[in-house]
Each structure stands twice: as structure tokens, then as C-alpha cells.
>>> print(open('upload26.cif').read())   # mmCIF, C-alpha atoms and all ligand atoms
data_start
loop_
_atom_site.group_PDB
_atom_site.id
_atom_site.type_symbol
_atom_site.label_atom_id
_atom_site.label_comp_id
_atom_site.auth_asym_id
_atom_site.auth_seq_id
_atom_site.Cartn_x
_atom_site.Cartn_y
_atom_site.Cartn_z
ATOM 1 C CA MET A 1 213.577 116.154 33.223
ATOM 2 C CA ASN A 2 213.110 112.554 34.294
ATOM 3 C CA GLU A 3 209.542 112.965 35.448
ATOM 4 C CA THR A 4 207.345 109.886 35.631
ATOM 5 C CA ILE A 5 204.060 109.660 33.779
ATOM 6 C CA ALA A 6 202.138 110.177 37.040
ATOM 7 C CA GLN A 7 204.178 113.289 37.834
ATOM 8 C CA LEU A 8 203.583 114.665 34.340
ATOM 9 C CA GLU A 9 199.842 114.000 34.646
ATOM 10 C CA GLU A 10 199.821 115.919 37.911
ATOM 11 C CA LYS A 11 201.837 118.708 36.291
ATOM 12 C CA ALA A 12 199.326 118.885 33.408
ATOM 13 C CA ARG A 13 196.463 119.121 35.900
ATOM 14 C CA ASN A 14 198.204 121.985 37.705
ATOM 15 C CA LEU A 15 198.843 123.746 34.423
ATOM 16 C CA ARG A 16 195.148 123.446 33.519
ATOM 17 C CA VAL A 17 194.299 125.050 36.872
ATOM 18 C CA ALA A 18 196.730 127.869 36.080
ATOM 19 C CA VAL A 19 195.196 128.385 32.616
ATOM 20 C CA VAL A 20 191.694 128.604 34.052
ATOM 21 C CA LYS A 21 192.752 131.105 36.725
ATOM 22 C CA ALA A 22 194.718 133.301 34.318
ATOM 23 C CA LEU A 23 191.867 133.400 31.823
ATOM 24 C CA HIS A 24 189.348 134.150 34.545
ATOM 25 C CA LYS A 25 191.491 137.012 35.799
ATOM 26 C CA SER A 26 191.988 138.512 32.338
ATOM 27 C CA GLN A 27 188.358 137.958 31.356
ATOM 28 C CA SER A 28 189.440 137.379 27.789
ATOM 29 C CA GLY A 29 191.383 134.756 25.892
ATOM 30 C CA HIS A 30 191.141 131.270 24.488
ATOM 31 C CA THR A 31 190.006 128.577 26.876
ATOM 32 C CA GLY A 32 189.158 125.523 24.746
ATOM 33 C CA GLY A 33 192.275 125.317 22.585
ATOM 34 C CA SER A 34 194.586 126.041 25.525
ATOM 35 C CA LEU A 35 193.159 123.160 27.539
ATOM 36 C CA SER A 36 193.245 120.706 24.612
ATOM 37 C CA ALA A 37 196.973 121.335 24.111
ATOM 38 C CA ILE A 38 198.128 121.175 27.741
ATOM 39 C CA ASP A 39 199.192 117.526 27.835
ATOM 40 C CA MET A 40 201.417 117.926 24.767
ATOM 41 C CA VAL A 41 202.872 121.181 26.086
ATOM 42 C CA THR A 42 203.549 119.514 29.450
ATOM 43 C CA VAL A 43 205.459 116.608 27.910
ATOM 44 C CA LEU A 44 207.423 118.933 25.636
ATOM 45 C CA TYR A 45 208.520 121.318 28.396
ATOM 46 C CA PHE A 46 208.957 118.844 31.250
ATOM 47 C CA HIS A 47 210.140 115.711 29.514
ATOM 48 C CA THR A 48 211.281 116.005 25.921
ATOM 49 C CA MET A 49 212.717 119.416 25.101
ATOM 50 C CA ARG A 50 216.169 120.578 26.089
ATOM 51 C CA HIS A 51 215.848 124.117 27.423
ATOM 52 C CA ASP A 52 217.084 126.289 30.258
ATOM 53 C CA SER A 53 214.863 128.859 31.931
ATOM 54 C CA ALA A 54 217.940 130.562 33.402
ATOM 55 C CA ASN A 55 219.270 131.091 29.889
ATOM 56 C CA PRO A 56 216.308 131.347 27.481
ATOM 57 C CA ARG A 57 218.547 131.952 24.438
ATOM 58 C CA TRP A 58 220.894 129.033 25.251
ATOM 59 C CA GLU A 59 222.295 127.791 21.928
ATOM 60 C CA GLY A 60 221.673 124.152 22.761
ATOM 61 C CA ARG A 61 217.939 124.606 23.328
ATOM 62 C CA ASP A 62 215.257 122.899 21.296
ATOM 63 C CA ARG A 63 212.795 125.303 19.684
ATOM 64 C CA PHE A 64 209.045 125.399 20.275
ATOM 65 C CA VAL A 65 206.705 127.234 17.906
ATOM 66 C CA LEU A 66 203.111 127.652 19.048
ATOM 67 C CA CYS A 67 201.625 127.953 15.568
ATOM 68 C CA LYS A 68 198.111 128.157 17.059
ATOM 69 C CA GLY A 69 199.222 131.276 18.907
ATOM 70 C CA HIS A 70 195.807 131.978 20.425
ATOM 71 C CA ALA A 71 196.551 129.093 22.832
ATOM 72 C CA ALA A 72 199.270 131.288 24.383
ATOM 73 C CA PRO A 73 198.000 130.645 27.953
ATOM 74 C CA ALA A 74 199.044 126.989 27.548
ATOM 75 C CA GLN A 75 202.601 128.062 26.730
ATOM 76 C CA TYR A 76 202.705 130.799 29.368
ATOM 77 C CA VAL A 77 201.750 128.478 32.233
ATOM 78 C CA ALA A 78 204.460 126.008 31.149
ATOM 79 C CA LEU A 79 207.055 128.789 30.940
ATOM 80 C CA ALA A 80 206.088 130.054 34.400
ATOM 81 C CA GLU A 81 206.198 126.534 35.843
ATOM 82 C CA ALA A 82 209.624 126.011 34.266
ATOM 83 C CA GLY A 83 210.894 129.221 35.875
ATOM 84 C CA TYR A 84 211.140 131.617 32.931
ATOM 85 C CA PHE A 85 209.201 134.215 34.963
ATOM 86 C CA PRO A 86 207.249 134.301 38.249
ATOM 87 C CA ARG A 87 203.939 132.434 38.377
ATOM 88 C CA GLU A 88 202.251 135.587 39.672
ATOM 89 C CA ASP A 89 202.841 137.174 36.244
ATOM 90 C CA LEU A 90 200.157 134.865 34.849
ATOM 91 C CA MET A 91 197.600 137.108 36.548
ATOM 92 C CA MET A 92 198.761 139.865 34.164
ATOM 93 C CA LEU A 93 197.638 137.921 31.086
ATOM 94 C CA ARG A 94 196.478 140.267 28.323
ATOM 95 C CA ARG A 95 196.939 143.401 30.496
ATOM 96 C CA LEU A 96 198.156 146.519 28.700
ATOM 97 C CA GLY A 97 201.968 146.647 29.002
ATOM 98 C CA SER A 98 202.233 143.124 30.404
ATOM 99 C CA HIS A 99 204.790 140.711 28.933
ATOM 100 C CA LEU A 100 202.033 138.123 28.526
ATOM 101 C CA GLN A 101 199.979 139.317 25.590
ATOM 102 C CA GLY A 102 197.068 137.494 23.981
ATOM 103 C CA HIS A 103 199.371 135.885 21.436
ATOM 104 C CA PRO A 104 203.040 134.906 21.896
ATOM 105 C CA ASP A 105 205.480 137.777 21.418
ATOM 106 C CA SER A 106 209.163 136.846 21.307
ATOM 107 C CA LYS A 107 210.153 140.457 21.916
ATOM 108 C CA VAL A 108 208.628 140.584 25.393
ATOM 109 C CA THR A 109 208.236 137.051 26.762
ATOM 110 C CA PRO A 110 211.293 135.039 27.830
ATOM 111 C CA GLY A 111 211.183 131.561 26.292
ATOM 112 C CA VAL A 112 209.022 132.533 23.299
ATOM 113 C CA GLU A 113 210.939 131.996 20.039
ATOM 114 C CA VAL A 114 208.706 133.784 17.516
ATOM 115 C CA CYS A 115 205.577 135.891 17.312
ATOM 116 C CA THR A 116 202.589 133.773 16.302
ATOM 117 C CA GLY A 117 198.836 134.153 16.140
ATOM 118 C CA SER A 118 198.299 134.633 12.455
ATOM 119 C CA LEU A 119 197.305 131.036 11.750
ATOM 120 C CA GLY A 120 199.157 129.158 9.029
ATOM 121 C CA GLN A 121 202.540 130.844 9.372
ATOM 122 C CA GLY A 122 204.112 128.923 12.253
ATOM 123 C CA LEU A 123 205.146 125.771 10.418
ATOM 124 C CA SER A 124 207.035 127.848 7.839
ATOM 125 C CA MET A 125 208.957 129.554 10.631
ATOM 126 C CA ALA A 126 209.661 126.177 12.223
ATOM 127 C CA ASN A 127 210.987 124.976 8.843
ATOM 128 C CA GLY A 128 213.354 127.932 8.719
ATOM 129 C CA MET A 129 214.637 127.175 12.216
ATOM 130 C CA ALA A 130 215.111 123.482 11.403
ATOM 131 C CA LEU A 131 216.949 124.263 8.170
ATOM 132 C CA GLY A 132 219.148 126.847 9.861
ATOM 133 C CA LEU A 133 220.053 124.510 12.703
ATOM 134 C CA ARG A 134 220.944 121.765 10.257
ATOM 135 C CA LEU A 135 223.075 124.111 8.162
ATOM 136 C CA ASP A 136 224.936 125.015 11.349
ATOM 137 C CA GLY A 137 225.519 121.314 12.064
ATOM 138 C CA LYS A 138 223.461 121.513 15.275
ATOM 139 C CA GLU A 139 221.501 118.680 16.865
ATOM 140 C CA ASN A 140 218.734 120.874 18.319
ATOM 141 C CA ARG A 141 215.192 119.849 17.444
ATOM 142 C CA VAL A 142 212.212 121.996 16.475
ATOM 143 C CA TYR A 143 208.659 121.344 17.664
ATOM 144 C CA ALA A 144 205.634 123.049 16.106
ATOM 145 C CA LEU A 145 202.129 122.821 17.582
ATOM 146 C CA LEU A 146 199.270 123.443 15.142
ATOM 147 C CA GLY A 147 195.480 123.365 15.370
ATOM 148 C CA ASP A 148 193.329 121.256 13.045
ATOM 149 C CA GLY A 149 191.344 124.328 11.987
ATOM 150 C CA GLU A 150 194.684 125.931 11.217
ATOM 151 C CA LEU A 151 195.279 123.229 8.599
ATOM 152 C CA GLN A 152 192.745 125.054 6.413
ATOM 153 C CA GLU A 153 195.464 127.650 5.741
ATOM 154 C CA GLY A 154 197.205 126.918 2.427
ATOM 155 C CA GLN A 155 200.581 128.015 3.746
ATOM 156 C CA VAL A 156 200.620 125.008 6.094
ATOM 157 C CA TRP A 157 200.730 122.704 3.082
ATOM 158 C CA GLU A 158 203.470 124.686 1.340
ATOM 159 C CA ALA A 159 205.467 124.313 4.554
ATOM 160 C CA ALA A 160 204.613 120.596 4.759
ATOM 161 C CA MET A 161 205.845 120.123 1.198
ATOM 162 C CA ALA A 162 209.071 122.043 1.864
ATOM 163 C CA ALA A 163 209.798 120.177 5.123
ATOM 164 C CA SER A 164 209.717 116.804 3.410
ATOM 165 C CA HIS A 165 211.557 118.103 0.333
ATOM 166 C CA TYR A 166 214.405 119.226 2.582
ATOM 167 C CA ARG A 167 214.146 116.046 4.687
ATOM 168 C CA LEU A 168 213.847 117.975 7.928
ATOM 169 C CA ASP A 169 214.107 115.109 10.369
ATOM 170 C CA ASN A 170 214.918 117.596 13.150
ATOM 171 C CA LEU A 171 211.357 118.926 12.819
ATOM 172 C CA CYS A 172 208.284 117.495 14.523
ATOM 173 C CA ALA A 173 204.782 118.921 14.070
ATOM 174 C CA LEU A 174 202.102 118.140 16.626
ATOM 175 C CA ILE A 175 198.548 118.631 15.360
ATOM 176 C CA ASP A 176 195.994 119.328 18.082
ATOM 177 C CA CYS A 177 192.991 117.689 16.419
ATOM 178 C CA ASN A 178 190.139 118.665 18.715
ATOM 179 C CA GLY A 179 187.633 118.759 15.846
ATOM 180 C CA LEU A 180 186.441 122.291 16.638
ATOM 181 C CA GLN A 181 187.436 125.788 15.586
ATOM 182 C CA ILE A 182 186.119 129.270 16.269
ATOM 183 C CA ASP A 183 182.939 128.834 14.207
ATOM 184 C CA GLY A 184 182.084 125.238 15.092
ATOM 185 C CA GLU A 185 183.080 121.831 13.778
ATOM 186 C CA VAL A 186 186.154 121.766 11.555
ATOM 187 C CA ALA A 187 184.425 119.127 9.412
ATOM 188 C CA ARG A 188 181.523 121.490 8.760
ATOM 189 C CA VAL A 189 183.510 124.712 8.210
ATOM 190 C CA MET A 190 186.131 123.157 5.878
ATOM 191 C CA GLY A 191 186.947 119.481 6.371
ATOM 192 C CA VAL A 192 190.638 118.656 6.775
ATOM 193 C CA GLU A 193 190.547 114.883 7.234
ATOM 194 C CA SER A 194 192.192 112.576 6.746
ATOM 195 C CA VAL A 195 194.947 114.523 8.489
ATOM 196 C CA PRO A 196 197.272 111.470 8.812
ATOM 197 C CA ASP A 197 196.813 110.562 5.127
ATOM 198 C CA LYS A 198 197.447 114.134 4.013
ATOM 199 C CA PHE A 199 200.738 114.418 5.929
ATOM 200 C CA ARG A 200 201.741 110.944 4.675
ATOM 201 C CA ALA A 201 201.023 112.053 1.110
ATOM 202 C CA PHE A 202 203.254 115.078 1.691
ATOM 203 C CA GLY A 203 206.141 112.765 2.630
ATOM 204 C CA TRP A 204 205.981 112.926 6.429
ATOM 205 C CA HIS A 205 206.425 110.146 8.951
ATOM 206 C CA VAL A 206 203.008 110.106 10.679
ATOM 207 C CA LEU A 207 201.959 108.911 14.126
ATOM 208 C CA GLU A 208 198.387 109.079 15.393
ATOM 209 C CA ILE A 209 197.822 109.188 19.148
ATOM 210 C CA ASP A 210 195.432 110.136 21.938
ATOM 211 C CA GLY A 211 196.682 113.650 22.691
ATOM 212 C CA HIS A 212 195.773 113.343 26.370
ATOM 213 C CA ASP A 213 197.705 110.111 26.960
ATOM 214 C CA ILE A 214 200.990 111.262 28.454
ATOM 215 C CA GLY A 215 202.689 107.906 27.801
ATOM 216 C CA ALA A 216 201.609 107.965 24.156
ATOM 217 C CA ILE A 217 202.866 111.529 23.711
ATOM 218 C CA ILE A 218 206.257 110.597 25.175
ATOM 219 C CA ALA A 219 206.495 107.516 22.951
ATOM 220 C CA ALA A 220 205.556 109.436 19.796
ATOM 221 C CA LEU A 221 208.079 112.198 20.504
ATOM 222 C CA SER A 222 210.759 109.560 21.110
ATOM 223 C CA GLN A 223 209.936 107.885 17.796
ATOM 224 C CA ALA A 224 210.119 111.246 16.055
ATOM 225 C CA LYS A 225 213.610 111.766 17.465
ATOM 226 C CA VAL A 226 214.950 108.563 15.903
ATOM 227 C CA THR A 227 213.178 108.972 12.556
ATOM 228 C CA LYS A 228 215.701 109.860 9.877
ATOM 229 C CA GLY A 229 215.260 111.465 6.458
ATOM 230 C CA GLN A 230 211.771 112.911 6.937
ATOM 231 C CA PRO A 231 209.891 115.175 9.351
ATOM 232 C CA THR A 232 207.380 113.638 11.768
ATOM 233 C CA ALA A 233 203.745 114.675 12.215
ATOM 234 C CA ILE A 234 202.067 113.600 15.434
ATOM 235 C CA VAL A 235 198.328 113.696 14.816
ATOM 236 C CA ALA A 236 196.916 114.034 18.317
ATOM 237 C CA ARG A 237 193.236 113.357 18.880
ATOM 238 C CA THR A 238 192.134 115.723 21.636
ATOM 239 C CA VAL A 239 189.101 117.223 23.339
ATOM 240 C CA LYS A 240 188.622 120.971 23.196
ATOM 241 C CA GLY A 241 188.309 122.304 26.771
ATOM 242 C CA LYS A 242 189.748 119.048 28.171
ATOM 243 C CA GLY A 243 189.535 118.716 31.941
ATOM 244 C CA VAL A 244 186.570 120.975 32.622
ATOM 245 C CA SER A 245 183.446 118.964 31.837
ATOM 246 C CA PHE A 246 181.224 121.912 30.915
ATOM 247 C CA PHE A 247 183.861 123.376 28.550
ATOM 248 C CA GLU A 248 184.548 120.088 26.787
ATOM 249 C CA ASN A 249 183.645 119.770 23.094
ATOM 250 C CA LYS A 250 181.956 123.173 23.014
ATOM 251 C CA ALA A 251 183.011 125.602 20.303
ATOM 252 C CA SER A 252 181.294 128.333 22.344
ATOM 253 C CA TYR A 253 184.263 128.188 24.783
ATOM 254 C CA HIS A 254 186.803 128.738 21.985
ATOM 255 C CA GLY A 255 187.516 132.322 22.998
ATOM 256 C CA VAL A 256 185.426 132.728 26.140
ATOM 257 C CA PRO A 257 187.024 132.786 29.602
ATOM 258 C CA PRO A 258 185.431 131.323 32.745
ATOM 259 C CA SER A 259 182.966 133.689 34.416
ATOM 260 C CA ASP A 260 182.963 134.388 38.185
ATOM 261 C CA GLU A 261 180.258 131.785 38.582
ATOM 262 C CA GLU A 262 182.093 129.205 36.454
ATOM 263 C CA LEU A 263 185.527 129.593 38.069
ATOM 264 C CA PRO A 264 184.933 127.525 41.236
ATOM 265 C CA ARG A 265 183.072 124.869 39.249
ATOM 266 C CA ALA A 266 185.909 124.685 36.698
ATOM 267 C CA LEU A 267 188.522 124.383 39.440
ATOM 268 C CA GLU A 268 186.477 121.673 41.114
ATOM 269 C CA CYS A 269 186.454 119.700 37.851
ATOM 270 C CA LEU A 270 190.247 119.900 37.970
ATOM 271 C CA GLY A 271 190.339 118.645 41.539
ATOM 272 C CA CYS A 272 191.300 122.048 42.927
ATOM 273 C CA PHE A 273 189.313 122.864 46.051
ATOM 274 C CA GLU A 274 191.631 125.466 47.572
ATOM 275 C CA ASP A 275 190.773 129.120 47.970
ATOM 276 C CA CYS A 276 191.296 130.153 44.366
ATOM 277 C CA GLU A 277 191.837 133.811 45.226
ATOM 278 C CA LYS A 278 194.848 133.075 47.407
ATOM 279 C CA ILE A 279 196.986 130.883 45.185
ATOM 280 C CA SER A 280 198.479 131.515 41.804
ATOM 281 C CA HIS A 281 198.234 127.822 40.849
HETATM 282 C C1 LIG A 301 195.134 133.913 9.618
HETATM 283 C C2 LIG A 301 194.131 133.888 10.742
HETATM 284 N N1 LIG A 301 192.809 133.859 10.444
HETATM 285 C C3 LIG A 301 191.894 133.844 11.449
HETATM 286 C C4 LIG A 301 192.296 133.859 12.760
HETATM 287 C C5 LIG A 301 191.263 133.888 13.859
HETATM 288 N N2 LIG A 301 191.200 132.630 14.589
HETATM 289 C C6 LIG A 301 191.745 132.509 15.806
HETATM 290 S S1 LIG A 301 191.594 130.980 16.448
HETATM 291 C C7 LIG A 301 190.768 130.424 15.066
HETATM 292 C C8 LIG A 301 190.313 128.995 14.952
HETATM 293 C C9 LIG A 301 191.459 128.056 15.022
HETATM 294 O O1 LIG A 301 191.029 126.715 15.085
HETATM 295 P P1 LIG A 301 192.068 125.604 15.474
HETATM 296 O O2 LIG A 301 193.308 125.792 14.695
HETATM 297 O O3 LIG A 301 191.387 124.292 15.337
HETATM 298 O O4 LIG A 301 192.402 125.955 16.980
HETATM 299 P P2 LIG A 301 191.865 125.290 18.335
HETATM 300 O O5 LIG A 301 190.520 124.675 18.081
HETATM 301 O O6 LIG A 301 192.845 124.239 18.687
HETATM 302 O O7 LIG A 301 191.810 126.408 19.317
HETATM 303 C C10 LIG A 301 190.636 131.451 14.148
HETATM 304 C C11 LIG A 301 189.965 131.313 12.845
HETATM 305 C C12 LIG A 301 193.691 133.900 13.018
HETATM 306 N N3 LIG A 301 194.170 133.904 14.268
HETATM 307 N N4 LIG A 301 194.576 133.885 12.006
#
>>> encode(input="upload26.cif", output="C-alpha cells", more="lines below")
Ligand SMILES: Cc1ncc(C[n+]2csc(CCOP(=O)(O)OP(=O)(O)O)c2C)c(N)n1
Amino acid sequence: MNETIAQLEEKARNLRVAVVKALHKSQSGHTGGSLSAIDMVTVLYFHTMRHDSANPRWEGRDRFVLCKGHAAPAQYVALAEAGYFPREDLMMLRRLGSHLQGHPDSKVTPGVEVCTGSLGQGLSMANGMALGLRLDGKENRVYALLGDGELQEGQVWEAAMAASHYRLDNLCALIDCNGLQIDGEVARVMGVESVPDKFRAFGWHVLEIDGHDIGAIIAALSQAKVTKGQPTAIVARTVKGKGVSFFENKASYHGVPPSDEELPRALECLGCFEDCEKISH
């Protein structure tokens, strides 16, 4: 788990390649919001979180809740890379009967803690985990990854209120603020800014970072760990579709996978020039 920043950047690039290939193979799924979250997911799984792929239910593990469950490919590629299941399984994304469904399912996918996908519910579940762990006198931490569009759900703010009321300093929320949602700009559909001010007003310790800066993500997560008496919100400014120039900042790639024609171009953007049919990632 002592990977350098350069190694983590390379890991994130490889995970982006894996996301693009899995989505191309399945010909359905969420491209933009998976790619915007990859750097945070990479740091969580390969630097910050305590977990064990050989023992997914290990009591000492930290918990990860992908509140924006439609970005499941981002979590699946990290789980495969960490050894929870073979990388080849990623090619079964969204297939009938596969253990890698369109949204995370804790009943079928090793390493997934809870079923998510209905936006707005994840932070409440993360609260429950954090409270339970504290009641049990455990030191495990809970990480919840939300979308900025997801913040339009009222339940998020009930959870935010409860987390600070119960002083859940073992809870850290990461907000993937890419500025876009399924129907276009978040600001146009239902503005949520100022996200940092809102979380501050709800009693959270707030950090604002570039969500693609691996060093900044590591530093923010470290600060969260030593913050006592309140939960931490990391407001991460990101680019939807990050890494593939023609996907970037386009709401039209929210839930659209790469076509046959786009696949080689997308892989080229990610510096992958190998025969994409032959390798899993
Ligand atoms: C309760 C609920 N309503 C609607 C949807 C459909 N939906 C899926 S993704 C999405 C937009 C989410 O935007 P955001 O949270 O910003 O995600 P990102 O841009 O990071 O992909 C919506 C409305 C859903 N999954 N859950």
C-alpha cells in the first residue's frame, strides 16, 4: 500500500483503460462519471483504505460506499486490480447472470459493501456503518463517494445533518463535482453550489481539492483521518470523462459507452496502443 504518486497515477491510467474496455464490451453503462471518479477510487483502494481481497469481509477493513452507484465500472476495475476477482470478469460487465451488474450489488460482487444506484441513499448507509463501527469500539473508517448531481436528493442533507450531529469523525464523504449530470449542467438543472459552504453549514470539516491530483487526494484523506469530532467532506473538482479528450465535459457521454469506432481513439488518448482485443487491461 506504499505506492508512490507516480505509481498511483499509472495505476489510475490503467484503470481508465479497463473502464473504457469494459464499457465498450458491454455496450451499455456510465462512461463520464466512472472516469471522473477514477483518481479518487485509485487512491482509496491502493493507498488509503485497509482492505484484503483474500478476505473481503475481514473485520478490520475500511468500508467504501459508492453512493453514485452508476459509476460501478470505476469500483469494479479497482476491485479486479486489487485481486477480488479475475480481471477477465470485467468483460462480463452488465451481462445477464454476471456478478458485475450495472450498479453495485453486495450480494454478488466480492468487495461491495452495499447495493447502491438509487441516488441519495448511500450517505445514510455510510452513516449507519460509521455509527455501528463506533458503537463497537472499532477504528475502521467509512468512505462514501457521491456525485454533485446526487446532492439534489434531499436525503443527502438529512444524512449530512445526522453525521455531524453524531460527530462521525470516522466518516469521510468525497464529492465528485464534475459539474454535469444526466440531463446537462448541474447548475442549470438544480444548482447545488456552494457545495463547500453547504457542508460547512451542516457542521462538516470541508476540504476542496482538484479531484485528479493524486497528491492532493492523499493529503485530503490523511487530514480527514486526523480530524476529530466531525465528519470530513472532500469536495473534489473533477472533469466528467477525464482522460479521454472527446468524452471530457460532455453530458452526452453520461451513460453512453464507447462505440467500435471510438474505442481505439479512446485508448490512444489514454496512452494505450496495444492490441485492445488481446488484453484485458
Ligand atoms: C433516485 C435516482 N433518481 C434518478 C436516477 C437516475 N440517474 C442516474 S445517474 C444520474 C445523474 C447523476 O449525476 P451525478 O450525481 O452528478 O453523477 P455523475 O455526473 O458523477 O455521473 C441520474 C439522475 C437514479 N439513479 N437514482
>>> closest_residue(input="upload26.cif", among="A:Pro110, A:Gly32, A:Pro86, A:Pro257", to="ligand LIG 301 (chain A)", atoms="all atoms listed in the file")
A:Gly32
>>> closest_residue(input="upload26.cif", among="A:Ile234, A:Leu263, A:Val65, A:Val189", to="Ser222 of chain A", atoms="all atoms listed in the file")
A:Ile234
>>> closest_residue(input="upload26.cif", among="A:Leu135, A:Leu66, A:Val256, A:Leu146", to="Val112 of chain A", atoms="only C-alpha atoms")
A:Leu66
>>> atom_distance(input="upload26.cif", atom1="atom CA of Gly179 of chain A", atom2="atom CA of Val19 of chain A")
20.8 Å
>>> residues_near_ligand(input="upload26.cif", ligand="ligand LIG 301 (chain A)", cutoff="8 Å", atoms="all atoms listed in the file", output="compact mmCIF listing (two decimals) with C-alpha atoms, keeping the file's coordinate frame")
# COMPACT_ATOMS: atom_id res chain seq x y z
CA HIS A 30 191.14 131.27 24.49
CA GLY A 32 189.16 125.52 24.75
CA GLY A 33 192.28 125.32 22.58
CA SER A 34 194.59 126.04 25.52
CA SER A 36 193.24 120.71 24.61
CA ALA A 37 196.97 121.34 24.11
CA LYS A 68 198.11 128.16 17.06
CA GLY A 69 199.22 131.28 18.91
CA HIS A 70 195.81 131.98 20.42
CA ALA A 71 196.55 129.09 22.83
CA GLY A 117 198.84 134.15 16.14
CA SER A 118 198.30 134.63 12.46
CA LEU A 119 197.30 131.04 11.75
CA GLY A 120 199.16 129.16 9.03
CA LEU A 146 199.27 123.44 15.14
CA GLY A 147 195.48 123.36 15.37
CA ASP A 148 193.33 121.26 13.04
CA GLY A 149 191.34 124.33 11.99
CA GLU A 150 194.68 125.93 11.22
CA LEU A 151 195.28 123.23 8.60
CA GLU A 153 195.46 127.65 5.74
CA ASP A 176 195.99 119.33 18.08
CA CYS A 177 192.99 117.69 16.42
CA ASN A 178 190.14 118.66 18.72
CA GLY A 179 187.63 118.76 15.85
CA LEU A 180 186.44 122.29 16.64
CA GLN A 181 187.44 125.79 15.59
CA ILE A 182 186.12 129.27 16.27
CA ASP A 183 182.94 128.83 14.21
CA VAL A 186 186.15 121.77 11.56
CA LYS A 240 188.62 120.97 23.20
CA ALA A 251 183.01 125.60 20.30
CA HIS A 254 186.80 128.74 21.98
CA GLY A 255 187.52 132.32 23.00
>>> resolve_selection(input="upload26.cif", expression="the PyMOL selection byres (((chain A and resi 204-210) around 9) and not hetatm)", output="number ranges by chain")
A: 160-161, 163-164, 167, 196-203, 211-214, 216-217, 220, 223-224, 227, 230-238
>>> residues_around(input="upload26.cif", residues="Asp52 of chain A", least_positions_apart="2", cutoff="9 Å", atoms="all atoms listed in the file", output="number ranges by chain")
A: 50, 54-58, 61, 82-84, 111
>>> residues_around(input="upload26.cif", residues="His99 of chain A", least_positions_apart="6", cutoff="12 Å", atoms="all atoms listed in the file", output="list in words")
Ala72, Tyr76, Tyr84, Phe85, Pro86, Asp89, Leu90, Met91, Met92, Leu93, Asp105, Ser106, Lys107, Val108, Thr109, Pro110, Gly111 and Val112 of chain A
